[in-house]
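A.B. asks: Just start_8.txt, nothing more (compact mmCIF, C-alpha atoms):
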# COMPACT_ATOMS: atom_id res chain seq x y z
CA MET A 123 4.91 4.73 22.32
CA SER A 124 2.00 6.47 24.02
CA ASN A 125 -1.58 5.59 23.18
CA ASP A 126 -2.36 9.09 21.96
CA ASN A 127 0.66 9.87 19.80
CA MET A 128 -1.46 9.89 16.65
CA ASN A 129 -3.93 12.48 17.96
CA GLY A 130 -4.70 14.94 15.19
CA LYS A 131 -3.20 12.68 12.51
CA ILE A 132 -5.34 11.52 9.59
CA CYS A 133 -4.43 8.11 8.19
CA LEU A 134 -5.68 6.36 5.04
CA VAL A 135 -5.21 2.58 4.92
CA THR A 136 -5.89 0.62 1.73
CA GLY A 137 -6.64 -3.08 2.02
CA GLY A 138 -7.81 -2.24 5.50
CA THR A 139 -10.40 -4.96 6.09
CA ASN A 140 -8.02 -7.93 6.34
CA GLY A 141 -4.69 -8.97 7.76
CA ILE A 142 -1.96 -6.38 7.96
CA GLY A 143 -4.15 -3.45 6.92
CA LYS A 144 -6.79 -4.29 9.50
CA ALA A 145 -4.24 -4.72 12.29
CA THR A 146 -2.54 -1.46 11.35
CA ALA A 147 -5.85 0.43 11.27
CA GLN A 148 -6.75 -0.95 14.72
CA ALA A 149 -3.41 0.10 16.18
CA LEU A 150 -3.53 3.62 14.74
CA ALA A 151 -7.07 4.07 16.05
CA GLN A 152 -5.94 2.96 19.49
CA MET A 153 -3.21 5.61 19.31
CA GLY A 154 -5.85 8.28 18.75
CA GLY A 155 -5.48 8.73 15.01
CA THR A 156 -8.30 9.49 12.61
CA VAL A 157 -8.32 6.33 10.49
CA VAL A 158 -9.99 5.94 7.11
CA ILE A 159 -10.17 2.33 5.96
CA VAL A 160 -10.49 1.50 2.27
CA GLY A 161 -12.41 -1.71 1.55
CA ARG A 162 -14.41 -3.30 -1.26
CA ASN A 163 -17.21 -5.05 0.62
CA ALA A 164 -19.64 -2.52 2.11
CA PRO A 165 -21.12 -4.63 4.96
CA LYS A 166 -17.74 -6.06 5.96
CA THR A 167 -16.10 -2.63 5.93
CA ALA A 168 -18.91 -1.01 7.92
CA GLN A 169 -18.80 -3.81 10.50
CA LEU A 170 -15.05 -3.42 10.91
CA VAL A 171 -15.40 0.33 11.46
CA GLU A 172 -17.84 -0.31 14.29
CA GLU A 173 -15.58 -2.98 15.79
CA ILE A 174 -12.55 -0.70 15.81
CA ARG A 175 -14.53 2.22 17.21
CA ALA A 176 -15.79 0.03 20.04
CA ALA A 177 -12.44 -1.61 20.81
CA SER A 178 -10.41 1.60 20.67
CA GLY A 179 -12.92 4.04 22.13
CA ASN A 180 -12.05 6.21 19.15
CA LYS A 181 -15.02 7.47 17.15
CA ASN A 182 -12.80 8.92 14.43
CA VAL A 183 -12.76 5.75 12.35
CA ASP A 184 -14.24 6.03 8.87
CA SER A 185 -14.33 4.05 5.65
CA LEU A 186 -14.45 4.51 1.90
CA LEU A 187 -15.25 1.88 -0.72
CA ALA A 188 -13.25 1.20 -3.87
CA ASP A 189 -12.07 -1.58 -6.15
CA LEU A 190 -8.49 -0.39 -6.50
CA SER A 191 -7.90 -2.39 -9.67
CA SER A 192 -10.11 0.19 -11.42
CA GLN A 193 -8.50 3.54 -12.17
CA GLN A 194 -11.91 5.21 -12.22
CA GLU A 195 -12.59 3.94 -8.71
CA VAL A 196 -9.16 5.05 -7.50
CA ARG A 197 -9.96 8.54 -8.78
CA ARG A 198 -13.38 8.47 -7.13
CA LEU A 199 -11.78 7.32 -3.88
CA ALA A 200 -9.33 10.22 -3.94
CA ASP A 201 -12.11 12.70 -4.68
CA GLN A 202 -14.26 11.36 -1.85
CA PHE A 203 -11.38 11.50 0.59
CA MET A 204 -10.46 15.07 -0.33
CA SER A 205 -14.07 16.22 -0.15
CA LYS A 206 -14.17 15.12 3.48
CA TYR A 207 -10.63 15.65 4.73
CA SER A 208 -8.31 18.58 4.16
CA HIS A 209 -5.20 16.80 5.43
CA LEU A 210 -3.53 13.40 5.12
CA HIS A 211 -0.61 12.62 7.40
CA VAL A 212 -0.18 8.90 6.73
CA LEU A 213 -0.96 7.03 3.51
CA LEU A 214 -0.50 3.27 3.81
CA ASN A 215 -0.58 1.60 0.39
CA ASN A 216 -1.26 -1.90 1.61
CA ALA A 217 -3.79 -3.45 -0.79
CA GLY A 218 -2.45 -6.26 -2.95
CA ALA A 219 -3.11 -9.71 -4.37
CA VAL A 220 -1.69 -12.43 -6.57
CA PHE A 221 -3.58 -13.95 -9.48
CA MET A 222 -2.62 -17.49 -10.49
CA GLN A 223 -4.29 -17.06 -13.88
CA ARG A 224 -3.76 -14.02 -16.06
CA GLN A 225 -6.75 -11.71 -16.07
CA LEU A 226 -7.31 -8.09 -16.99
CA SER A 227 -8.71 -5.19 -15.03
CA VAL A 228 -11.59 -3.06 -16.32
CA ASP A 229 -8.88 -0.83 -17.82
CA GLY A 230 -7.42 -3.76 -19.76
CA ILE A 231 -4.35 -4.03 -17.53
CA GLU A 232 -3.05 -7.27 -16.01
CA MET A 233 -4.64 -7.48 -12.57
CA THR A 234 -1.57 -8.04 -10.38
CA PHE A 235 0.23 -5.06 -11.90
CA ALA A 236 -2.94 -2.95 -11.84
CA LEU A 237 -3.75 -3.63 -8.20
CA ASN A 238 -0.32 -4.02 -6.60
CA HIS A 239 1.51 -1.21 -8.36
CA LEU A 240 -0.59 1.12 -10.49
CA ALA A 241 -3.28 1.60 -7.84
CA SER A 242 -0.71 2.84 -5.32
CA PHE A 243 1.02 4.94 -7.96
CA LEU A 244 -2.20 6.66 -9.02
CA LEU A 245 -3.75 7.06 -5.57
CA THR A 246 -0.55 8.56 -4.19
CA ASP A 247 -0.36 11.01 -7.06
CA LEU A 248 -3.97 12.12 -6.69
CA LEU A 249 -3.50 12.73 -2.96
CA LEU A 250 0.00 14.17 -3.17
CA ASP A 251 -0.90 17.85 -2.90
CA THR A 252 -2.99 17.10 0.21
CA ILE A 253 -0.14 15.06 1.68
CA LYS A 254 2.40 17.82 0.99
CA ALA A 255 0.11 20.37 2.61
CA SER A 256 -0.01 18.13 5.70
CA ALA A 257 3.77 17.83 6.14
CA PRO A 258 5.37 16.34 8.07
CA ALA A 259 3.64 13.37 6.48
CA ARG A 260 4.45 9.78 5.61
CA ILE A 261 3.78 7.50 2.65
CA ILE A 262 4.26 3.78 3.31
CA ASN A 263 4.29 1.13 0.59
CA VAL A 264 3.87 -2.52 1.56
CA SER A 265 6.22 -4.57 -0.60
CA SER A 266 7.56 -8.08 0.05
CA GLY A 267 10.76 -10.06 0.31
CA ALA A 268 9.52 -11.65 -2.91
CA HIS A 269 10.90 -8.61 -4.72
CA THR A 270 14.37 -10.19 -4.61
CA THR A 271 13.43 -12.53 -7.45
CA GLY A 272 11.46 -9.91 -9.35
CA LYS A 273 12.50 -8.29 -12.60
CA ILE A 274 11.14 -5.30 -14.47
CA GLU A 275 10.85 -6.17 -18.16
CA PHE A 276 9.54 -3.12 -19.94
CA ASP A 277 8.49 -5.18 -22.95
CA ASN A 278 6.51 -7.53 -20.70
CA LEU A 279 5.24 -5.42 -17.79
CA GLN A 280 1.85 -7.09 -17.86
CA GLY A 281 2.97 -10.68 -18.28
CA GLU A 282 1.70 -10.91 -21.84
CA ARG A 283 4.18 -13.67 -22.61
CA GLY A 284 4.91 -16.59 -20.34
CA TYR A 285 2.51 -15.53 -17.58
CA SER A 286 3.19 -16.99 -14.16
CA PRO A 287 2.60 -15.97 -10.54
CA ARG A 288 6.07 -14.41 -10.76
CA VAL A 289 4.23 -11.25 -11.81
CA TYR A 290 3.62 -10.84 -8.06
CA GLU A 291 7.36 -10.71 -7.42
CA ASN A 292 7.72 -8.16 -10.20
CA SER A 293 4.94 -6.00 -8.75
CA LYS A 294 6.58 -6.03 -5.32
CA LEU A 295 9.83 -4.94 -6.95
CA ALA A 296 7.87 -2.15 -8.61
CA ASN A 297 6.64 -1.04 -5.17
CA ILE A 298 10.20 -0.42 -4.01
CA LEU A 299 11.32 1.26 -7.23
CA PHE A 300 8.29 3.57 -6.94
CA THR A 301 9.26 4.30 -3.33
CA MET A 302 12.83 5.20 -4.27
CA GLU A 303 11.87 7.51 -7.11
CA LEU A 304 9.06 9.20 -5.17
CA ALA A 305 11.41 9.80 -2.24
CA ARG A 306 13.85 11.47 -4.62
CA ARG A 307 11.12 13.69 -6.05
CA LEU A 308 9.80 14.65 -2.61
CA LYS A 309 13.17 15.50 -1.10
CA GLY A 310 12.88 18.58 1.09
CA SER A 311 9.07 18.54 1.08
CA GLY A 312 8.64 17.18 4.61
CA VAL A 313 7.01 14.05 3.18
CA THR A 314 8.84 10.75 3.66
CA VAL A 315 8.31 7.61 1.60
CA ASN A 316 9.40 4.14 2.69
CA ALA A 317 8.70 0.53 1.70
CA LEU A 318 8.54 -2.56 3.87
CA HIS A 319 8.50 -6.34 3.96
CA PRO A 320 5.92 -7.50 6.53
CA GLY A 321 7.16 -11.08 6.65
CA PHE A 322 5.02 -14.07 5.76
CA THR A 323 1.76 -13.32 7.52
CA ALA A 324 -1.47 -15.26 7.97
CA THR A 325 -4.01 -13.13 6.07
CA GLY A 326 -6.68 -13.64 3.43
CA PHE A 327 -3.97 -13.37 0.78
CA SER A 328 -4.36 -15.61 -2.30
CA LYS A 329 -7.84 -16.78 -1.31
CA ASN A 330 -9.11 -15.12 -4.48
CA ASN A 331 -7.61 -18.00 -6.49
CA GLY A 332 -10.37 -20.57 -6.00
CA LYS A 333 -11.55 -22.93 -3.30
CA VAL A 334 -8.56 -25.26 -3.38
CA MET A 335 -6.04 -22.46 -2.93
CA ALA A 336 -8.20 -20.88 -0.24
CA ALA A 337 -8.33 -24.19 1.64
CA LEU A 338 -4.56 -24.66 1.43
CA VAL A 339 -3.89 -21.12 2.64
CA SER A 340 -6.34 -21.53 5.52
CA LEU A 341 -4.77 -24.84 6.52
CA PHE A 342 -1.06 -24.14 6.29
CA ALA A 343 -0.57 -20.40 6.74
CA PRO A 344 -1.42 -20.35 10.47
CA LEU A 345 1.18 -23.07 11.07
CA VAL A 346 4.15 -21.16 9.69
CA ALA A 347 3.08 -17.56 9.30
CA ARG A 348 3.15 -14.53 11.56
CA SER A 349 -0.03 -13.26 13.11
CA PRO A 350 -1.53 -10.21 11.41
CA ALA A 351 -0.60 -8.14 14.48
CA LYS A 352 3.06 -9.12 14.17
CA GLY A 353 2.99 -8.72 10.39
CA ALA A 354 1.64 -5.20 10.86
CA GLY A 355 4.42 -4.23 13.24
CA THR A 356 6.59 -2.50 10.66
CA SER A 357 3.63 -0.69 9.07
CA ILE A 358 2.64 0.64 12.48
CA HIS A 359 6.23 1.62 13.24
CA LEU A 360 6.57 3.55 9.98
CA ALA A 361 3.23 5.26 10.50
CA ALA A 362 3.65 6.31 14.10
CA SER A 363 7.17 6.09 15.50
CA PRO A 364 9.10 9.31 16.07
CA SER A 365 12.29 7.33 15.44
CA VAL A 366 11.68 7.37 11.68
CA ASP A 367 11.13 11.12 11.42
CA GLY A 368 12.92 12.34 8.30
CA ILE A 369 13.95 8.87 7.13
CA THR A 370 12.98 8.38 3.50
CA GLY A 371 13.68 6.17 0.50
CA LYS A 372 14.40 3.11 2.64
CA TYR A 373 13.26 -0.51 2.81
CA PHE A 374 12.29 -1.87 6.23
CA PHE A 375 11.86 -5.31 7.76
CA ASP A 376 10.99 -5.90 11.42
CA SER A 377 10.98 -2.11 11.95
CA HIS A 378 14.62 -1.73 10.88
CA VAL A 379 16.19 -0.47 7.68
CA THR A 380 17.46 -3.39 5.64
CA SER A 381 18.99 -3.82 2.20
CA ALA A 382 16.70 -4.30 -0.74
CA ALA A 383 17.82 -6.36 -3.72
CA PRO A 384 20.17 -4.54 -6.13
CA GLN A 385 17.48 -4.33 -8.82
CA ALA A 386 15.25 -2.44 -6.35
CA THR A 387 17.70 0.45 -6.06
CA ASP A 388 18.48 0.94 -9.76
CA MET A 389 17.40 4.53 -10.18
CA ALA A 390 17.53 4.43 -13.97
CA VAL A 391 14.97 1.60 -13.92
CA ALA A 392 12.97 3.44 -11.24
CA ARG A 393 12.66 6.53 -13.43
CA LYS A 394 11.77 4.52 -16.52
CA LEU A 395 9.13 2.59 -14.57
CA TRP A 396 7.75 5.89 -13.29
CA ASP A 397 7.32 7.20 -16.83
CA ALA A 398 5.76 3.95 -18.04
CA SER A 399 3.36 3.92 -15.08
CA ALA A 400 2.38 7.54 -15.67
CA GLU A 401 1.50 6.73 -19.27
CA MET A 402 -0.69 3.83 -18.12
CA VAL A 403 -2.75 5.90 -15.67
CA HIS A 404 -2.72 9.23 -17.49
CA PRO A 405 -2.74 11.21 -14.24
CA ALA A 406 -4.69 14.42 -14.47
CA ASP A 407 -2.00 16.51 -12.81
CA GLY A 408 0.93 15.26 -14.84
CA LEU A 409 2.85 13.08 -12.42
CA SER A 410 5.45 12.26 -15.07
CA ALA A 411 6.33 15.93 -15.29
CA LYS A 412 7.04 16.32 -11.58
CA THR A 413 10.64 16.33 -10.46
Turn the structure described in the file into structure tokens.

C.D. replies:
Amino acid sequence: MSNDNMNGKICLVTGGTNGIGKATAQALAQMGGTVVIVGRNAPKTAQLVEEIRAASGNKNVDSLLADLSSQQEVRRLADQFMSKYSHLHVLLNNAGAVFMQRQLSVDGIEMTFALNHLASFLLTDLLLDTIKASAPARIINVSSGAHTTGKIEFDNLQGERGYSPRVYENSKLANILFTMELARRLKGSGVTVNALHPGFTATGFSKNNGKVMAALVSLFAPLVARSPAKGAGTSIHLAASPSVDGITGKYFFDSHVTSAAPQATDMAVARKLWDASAEMVHPADGLSAKT
């Protein structure tokens, strides 16, 4: 893979200030891509932009700020991106978290579902016309092997009863179901959509759950987890490799297509989840009506 094979390509990376997102943004910048990093913390995001520009020699590194658990901020993010860029060749939906205690977003939606699934669903929809106009283009959704124990319960999508961290597993299952249905809807458009499992990676993940959890993650993750660079390998592959041209609706691990759990390929559930998600975000351009 040459260092300039992303020249002319515009890439948007959510969750781009830590771990897999950060490593992916760095790699795409080094390949010559125009990289827009989405972060929440203004000083941290600005510092990272300067670091990547300096390390890559690529001045086309930019940032936008948004709390993706807020639908209003997702909409503002999309508007800001489109006001500055007329094309989008790679959208990496990477932002995610797990919440040990049930809490609600500003929209009154359970936070894990709001951030891990609905944010990607809404942001992708809002940018979809720009992505289609940029074809060939790629949408990449970071899921997890945890999806194998996930279950979509339409009467309990937000963990209202019996809340547990299993909502994370359910949200990662939702990522793949979203991928499968979106790939079906985009067939023939020149836009591919794939999901991936990055492997257990040493990132800032779960440090939002208090000091004790943060300490445990900091202590044990580096001992057993992949480095962020290795964890980002599949994201980078799906964003940049010519070998995945035209491949869509698949689930990847270690840069290879692998089998997702049976519940992740149930297209009847995928379509029902799509409709339920569309109702929860009320997309301005009628995502639920698109086929």

A.B. asks: List as a list in words the protein and nucleic acid residues near Ile231 (chain A), meaning an atom at most 12 Å away when all atoms listed in the file are counted, but skip any in the same chain fewer than 3 places from it.

C.D. replies: Ser191, Ser192, Gln193, Arg224, Gln225, Leu226, Ser227, Val228, Thr234, Phe235, Ala236, Leu237, Asn238, His239, Leu240, Ala241, Asn278, Leu279, Gln280, Gly281, Glu282, Ser399, Met402 and Val403 of chain A

A.B. asks: Dig up all the protein and nucleic acid residues within 10 Å of (10.0, -5.5, 9.7) in the file frame, using only C-alpha atoms, and format them as a list in words.

C.D. replies: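 Here is the list of nearby residues: Leu318, His319, Pro320, Gly321, Lys352, Gly353, Ala354, Gly355, Thr356, Ser357, Ile358, His359, Leu360, Tyr373, Phe374, Phe375, Asp376, Ser377, His378, Val379 and Thr380 of chain A.
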
A.B. asks: Could you give me, as a list of chain:residue names, the residues within 12 Å of Arg393 (chain A), counting all atoms listed in the file and dropping anything in the same chain fewer than 2 positions from it?

C.D. replies: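 Here the answer would be A:Ile274, A:Ala296, A:Ile298, A:Leu299, A:Phe300, A:Thr301, A:Met302, A:Glu303, A:Leu304, A:Ala305, A:Arg306, A:Arg307, A:Ala386, A:Thr387, A:Asp388, A:Met389, A:Ala390, A:Val391, A:Leu395, A:Trp396, A:Asp397, A:Ala398, A:Ser399, A:Ala400, A:Leu409, A:Ser410, A:Ala411, A:Lys412, A:Thr413.
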
A.B. asks: By how many Å are CA of Val315 (chain A) and CA of Thr270 (chain A) apart?

C.D. replies: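 Spanning CA of Val315 (chain A) to CA of Thr270 (chain A) is a straight-line distance of 19.8 Å.
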
A.B. asks: For Gly272 (chain A), which residue out of A:Ala317, A:Thr136, A:Pro384, A:Val183 is the nearest one, using all atoms listed in the file?

C.D. replies: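 When distances to Gly272 (chain A) are compared using all atoms listed in the file, the smallest one comes from A:Pro384.
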
A.B. asks: Smallest atom-to-atom distance to Leu249 (chain A): which of A:Gln194, A:Gln385, A:Ser363, A:Gln202, using only C-alpha atoms?

C.D. replies: A:Gln202

A.B. asks: Check the smallest atom-to-atom distance from each of A:Gly284, A:Val160, A:Leu150, A:Ala200 to Asn180 (chain A) using all atoms listed in the file, then report the winner.

C.D. replies: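 Using all atoms listed in the file, Asn180 (chain A) sits closest to A:Leu150.
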
A.B. asks: So that I can see what lies close to Ala217 (chain A), please list as a ChimeraX atom specification the residues with an atom at most 12 Å from it, counting all atoms listed in the file and leaving out residues fewer than 4 positions away in the same chain.

C.D. replies: /A:134-144,159-162,188-191,213,234-242,245,262-265,294,297,325-327

A.B. asks: Compare A:Pro364, A:Pro287, A:Gly130, A:Gly371 by their minimum atom-to-atom distance to Ser256 (chain A), counting all atoms listed in the file, and give me the closest one.

C.D. replies: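 For Ser256 (chain A), the nearest of the given residues is A:Gly130.
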
A.B. asks: Taking only C-alpha atoms into account, which of A:Thr146, A:Thr370, A:Thr271, A:Ser349 comes nearest Leu308 (chain A)?

C.D. replies: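 Looking at the shortest contact to Leu308 (chain A), the residue is A:Thr370.
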
A.B. asks: Counting all atoms listed in the file, which of A:Met233, A:Ala219, A:Tyr285, A:Ala362 gets nearest to Met153 (chain A)?

C.D. replies: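 Looking at the shortest contact to Met153 (chain A), the residue is A:Ala362.
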
A.B. asks: May I ask for the distance between CA of Ser286 (chain A) and CA of Gln223 (chain A), given in Å to one decimal place?

C.D. replies: 7.5 Å

A.B. asks: Please measure the separation of CA of Arg283 (chain A) and CA of His404 (chain A), giving the value in Å to one decimal.

C.D. replies: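 Here the two named atoms are 24.5 Å from each other.
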
A.B. asks: Could region 363-376 of chain A be completed with N, CA and C atoms and returned as a short mmCIF file (atom, residue, chain, number, x, y, z; two decimals), in the frame of the given file?

C.D. replies:
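Wrote part.cif, looks like this:
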data_model
loop_
_atom_site.label_atom_id
_atom_site.label_comp_id
_atom_site.auth_asym_id
_atom_site.auth_seq_id
_atom_site.Cartn_x
_atom_site.Cartn_y
_atom_site.Cartn_z
N SER A 363 6.00 5.92 14.64
CA SER A 363 7.17 6.09 15.50
C SER A 363 7.94 7.37 15.22
N PRO A 364 8.26 8.13 16.26
CA PRO A 364 9.10 9.31 16.07
C PRO A 364 10.51 8.96 15.60
N SER A 365 10.92 7.71 15.79
CA SER A 365 12.29 7.33 15.44
C SER A 365 12.55 7.32 13.94
N VAL A 366 11.48 7.36 13.13
CA VAL A 366 11.68 7.37 11.68
C VAL A 366 11.42 8.75 11.08
N ASP A 367 11.29 9.76 11.92
CA ASP A 367 11.13 11.12 11.42
C ASP A 367 12.26 11.45 10.44
N GLY A 368 11.91 11.90 9.26
CA GLY A 368 12.92 12.34 8.30
C GLY A 368 13.59 11.24 7.51
N ILE A 369 13.36 9.99 7.87
CA ILE A 369 13.95 8.87 7.13
C ILE A 369 13.11 8.59 5.89
N THR A 370 13.74 8.55 4.73
CA THR A 370 12.98 8.38 3.50
C THR A 370 13.78 7.59 2.48
N GLY A 371 13.04 6.94 1.55
CA GLY A 371 13.68 6.17 0.50
C GLY A 371 14.34 4.90 0.98
N LYS A 372 13.80 4.31 2.06
CA LYS A 372 14.40 3.11 2.64
C LYS A 372 13.43 1.93 2.57
N TYR A 373 14.00 0.76 2.81
CA TYR A 373 13.26 -0.51 2.81
C TYR A 373 13.41 -1.12 4.20
N PHE A 374 12.29 -1.43 4.84
CA PHE A 374 12.29 -1.87 6.23
C PHE A 374 11.81 -3.31 6.36
N PHE A 375 12.36 -3.99 7.34
CA PHE A 375 11.86 -5.31 7.76
C PHE A 375 12.02 -5.38 9.28
N ASP A 376 10.99 -5.85 9.96
CA ASP A 376 10.99 -5.90 11.42
C ASP A 376 11.39 -4.55 12.04
#
